[in-house]
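So the structure is just underneath, and the comments pick up after that.
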Amino acid sequence: MKRRILVGTRGSSLALAQTSHVVESLRKLEPSVQYQVVPIKTRGDKMHDVGTTAVEGKSLFTKEIEDSLIKGQVDMAVHSMKDLTTDLPTGLVIAAVPERANPRDVLISRDKKKFEQLPGRARVGTSSARRKAQLLAARGDLEIVDMHGNVDTRLRKLEKGEYDAIVLAAAGLIRLGLGKHATEFLSTEVVLPAVGQGALAIQSRDGDSEMRDLLSHLDHKPTRRAIEAERAFARRLSANCRTPIAAYARLEDGKLAIDGMVASPTGKLLVRSRIISDNPDAGKVGEELAESLLEKGAEIVLEAA
């Protein structure tokens with residue numbers, strides 16, 4: 001085993017917090033190894049007005065990190081799974097998918113009112129087209145306002161009264177130790193999460209068998225299976241389109257259950273479906289769900305977008 005392992009990641013507070021969690025897990029496996037976190041600035045980090053995931057943003061938050069891994073400048077990389085495009089660069093693999101954190105979105109409101117209690121025309125901040133479409137589908141009387149910046153910045157904007165409420169990913173809020181701010185964990189019946197939300201992706205080079213072997217001990221098989229289904233779903237629907245899509249897979253009584261959604265940006269057109277399958281090929285289950293949505297009219301929504 002190498003004496004020192006270089007770990008590539010974004011330099012944001014959230015990225016560093018989740019990378020620290022991974023490194024602590026690795027130290028328990030190989031305490032004699034020195035782990036050095038290498039923050040890498042991505043194109044997305046240099047753009048102050050983006051709030052996209054890989055589905056919309058084409059590797060905005062991962063490309064520079066993956067390039068460093070390919071060149072051997074780092075030995076492994078830690079990403080938020082939802083930042084990864086569904087097709088990985090040649091030579092890289094997802095060596096481990098740790099157990100998923102809470103995949104849901106949370107509502108944080110100034111006066112502690114829950115989603116259904118928000119008054120008409122309440123200003124709700126989010127940078128996500130996926131969230132906007134589903135929020136409007138559920139409450140067309142709300143005003144959904146673009147919101148950018150890190151979690152601390154968004155919380156400050158809420159406190160200053162720029163918004164009546166904001167919506168964030170539960171996992172990020174919790175990983176930063178800010179879960180106490182959550183007013184309500186939104187039901188997946190109202191807002192389905194982004195593909196891969198709440199999960200981490202630990203990448204290595206395909207040919208680095210020593211690193212892949214070490215990282216395999218962090219792999220959580222039920223989470224990996226769920227993520228494979230979600231990513232296959234996104235891939236079938238063309239993951240780089242800007243149409244709001246969402247998927248959430250999990251194991252229920254030994255079977256794989258997955259919900260998926262495609263919507264228009266305004267939420268006026270929304271197609272949703274669910275599959276529960278005992279097919280061991282999680283990717284096939286995700287593709288089957290995508291086909292189900294297409295049969296229900298998702299293709300019309302995709303074409304309109």
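Order determines the names: the first chain of the structure tokens is A, the second B, and so forth; residues in each chain are numbered 1 upward, and ligands are numbered 1 upward as they are shown.
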If you run DSSP on the backbone, which residues of region 131-304 of chain A are strand (DSSP E), as a PyMOL selection string?
chain A and resi 143-145+165-169+184-185+200-205+245-252+255-263+270-277
(Q) Using only C-alpha atoms, which protein or nucleic acid residues come within 12 Å of Asp67 (chain A)? Drop anything in the same chain fewer than 3 positions from it, and give the result as a PyMOL selection string. (A) chain A and resi 8-9+40-42+59+61-64+70-77+88-92+203-205
May I have the residues within 10 Å of region 258-261 of chain A as JSON, numbers by chain, using only C-alpha atoms and disregarding those fewer than 5 positions away in the same chain? {"A": [130, 134, 188, 189, 191, 192, 193, 194, 195, 226, 229, 230, 233, 234, 244, 245, 246, 247, 248, 249, 250, 251, 252, 270, 271, 272, 273, 274, 275, 276, 277, 282, 285, 286, 289, 290, 292, 293, 298]}
Using C-alpha atoms, can you export the residues from the last selection as a PDB file, in the first residue's frame?
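For reference, selection-v3.pdb as written:
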ATOM      1  CA  ARG A 130     -35.972  19.944 -11.050  1.00  0.00           C
ATOM      2  CA  GLN A 134     -42.103  19.915  -8.953  1.00  0.00           C
ATOM      3  CA  THR A 188     -40.704  12.267  -2.261  1.00  0.00           C
ATOM      4  CA  GLU A 189     -44.362  12.212  -3.289  1.00  0.00           C
ATOM      5  CA  VAL A 191     -40.425  16.438  -4.771  1.00  0.00           C
ATOM      6  CA  LEU A 192     -38.388  13.532  -6.094  1.00  0.00           C
ATOM      7  CA  PRO A 193     -34.640  14.015  -5.560  1.00  0.00           C
ATOM      8  CA  ALA A 194     -32.005  14.425  -8.227  1.00  0.00           C
ATOM      9  CA  VAL A 195     -30.381  11.297  -9.615  1.00  0.00           C
ATOM     10  CA  ALA A 226     -30.016   2.026  -6.293  1.00  0.00           C
ATOM     11  CA  ALA A 229     -30.791   2.177 -11.504  1.00  0.00           C
ATOM     12  CA  GLU A 230     -31.099   5.954 -11.227  1.00  0.00           C
ATOM     13  CA  PHE A 233     -32.779   5.941 -15.997  1.00  0.00           C
ATOM     14  CA  ALA A 234     -31.109   9.312 -16.614  1.00  0.00           C
ATOM     15  CA  PRO A 244     -36.174  18.595 -15.192  1.00  0.00           C
ATOM     16  CA  ILE A 245     -35.841  14.885 -14.416  1.00  0.00           C
ATOM     17  CA  ALA A 246     -35.662  13.067 -11.097  1.00  0.00           C
ATOM     18  CA  ALA A 247     -35.378   9.522  -9.802  1.00  0.00           C
ATOM     19  CA  TYR A 248     -35.233   7.786  -6.452  1.00  0.00           C
ATOM     20  CA  ALA A 249     -34.437   4.087  -6.066  1.00  0.00           C
ATOM     21  CA  ARG A 250     -34.215   1.986  -2.903  1.00  0.00           C
ATOM     22  CA  LEU A 251     -34.588  -1.605  -1.735  1.00  0.00           C
ATOM     23  CA  GLU A 252     -37.988  -2.598  -0.368  1.00  0.00           C
ATOM     24  CA  LEU A 270     -45.317  16.328 -15.402  1.00  0.00           C
ATOM     25  CA  VAL A 271     -45.068  12.588 -15.997  1.00  0.00           C
ATOM     26  CA  ARG A 272     -44.269  10.242 -13.140  1.00  0.00           C
ATOM     27  CA  SER A 273     -44.045   6.480 -12.737  1.00  0.00           C
ATOM     28  CA  ARG A 274     -42.861   3.759 -10.336  1.00  0.00           C
ATOM     29  CA  ILE A 275     -41.485   0.257 -10.818  1.00  0.00           C
ATOM     30  CA  ILE A 276     -40.849  -2.439  -8.215  1.00  0.00           C
ATOM     31  CA  SER A 277     -38.703  -5.246  -9.604  1.00  0.00           C
ATOM     32  CA  ALA A 282     -30.385  -2.579 -11.567  1.00  0.00           C
ATOM     33  CA  VAL A 285     -34.751  -1.637 -13.995  1.00  0.00           C
ATOM     34  CA  GLY A 286     -33.810   2.011 -14.475  1.00  0.00           C
ATOM     35  CA  LEU A 289     -38.730   2.945 -15.756  1.00  0.00           C
ATOM     36  CA  ALA A 290     -37.549   5.394 -18.421  1.00  0.00           C
ATOM     37  CA  SER A 292     -42.524   3.496 -18.894  1.00  0.00           C
ATOM     38  CA  LEU A 293     -42.358   7.277 -18.705  1.00  0.00           C
ATOM     39  CA  ALA A 298     -42.488  11.905 -21.399  1.00  0.00           C
TER      40      ALA A 298
END
- Message: For the structure I just gave you, how does DSSP split region 51-248 of chain A - specifically, which residues are alpha helix (DSSP H)? Reply as a PyMOL selection string.
- Response: chain A and resi 54-57+63-70+129-138+151-159+170-175+209-215+221-236
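Proximity to Asp253 (chain A) was assessed for A:Gly120, A:Ile166, A:Leu237, A:Asp278 counting only C-alpha atoms; the smallest distance is recorded for A:Asp278.
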What separates CA of Lys132 (chain A) and CA of Arg104 (chain A) is a distance of 14.7 Å
Selection near region 125-127 of chain A, 8 Å with only C-alpha atoms, sequence-local residues under 5 positions removed, as a list of chain:residue names: A:Val50, A:Gly51, A:Thr52, A:Lys132, A:Ile144, A:Val145, A:Asp146, A:Met147, A:His148, A:Tyr163, A:Asp164, A:Ala165, A:Ile166, A:Val167, A:Leu168
Take CA of Arg236 (chain A) and CA of Leu186 (chain A) and report the distance between them in Å, one decimal.
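For CA of Arg236 (chain A) relative to CA of Leu186 (chain A), the distance reads 26.7 Å.
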- Message: So the first atom is CA of Glu299 (chain A) and the second is CA of Arg231 (chain A); what is the distance between them in Å, to one decimal place?
- Response: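 Those two atoms sit 18.2 Å apart.
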Need to verify the contact set: Pro265 (chain A), 7 Å, only C-alpha atoms, exclusion of same-chain residues closer than 4 positions in sequence. Can you return it as a CSV table (one decimal) with C-alpha atoms, in the first residue's frame?
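See result_24.csv below for the written result:
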chain,number,residue,atom,x,y,z
A,129,ALA,CA,-35.0,23.3,-12.4
A,133,ALA,CA,-40.9,22.2,-11.7
A,243,THR,CA,-35.5,19.1,-18.9
A,244,PRO,CA,-36.2,18.6,-15.2
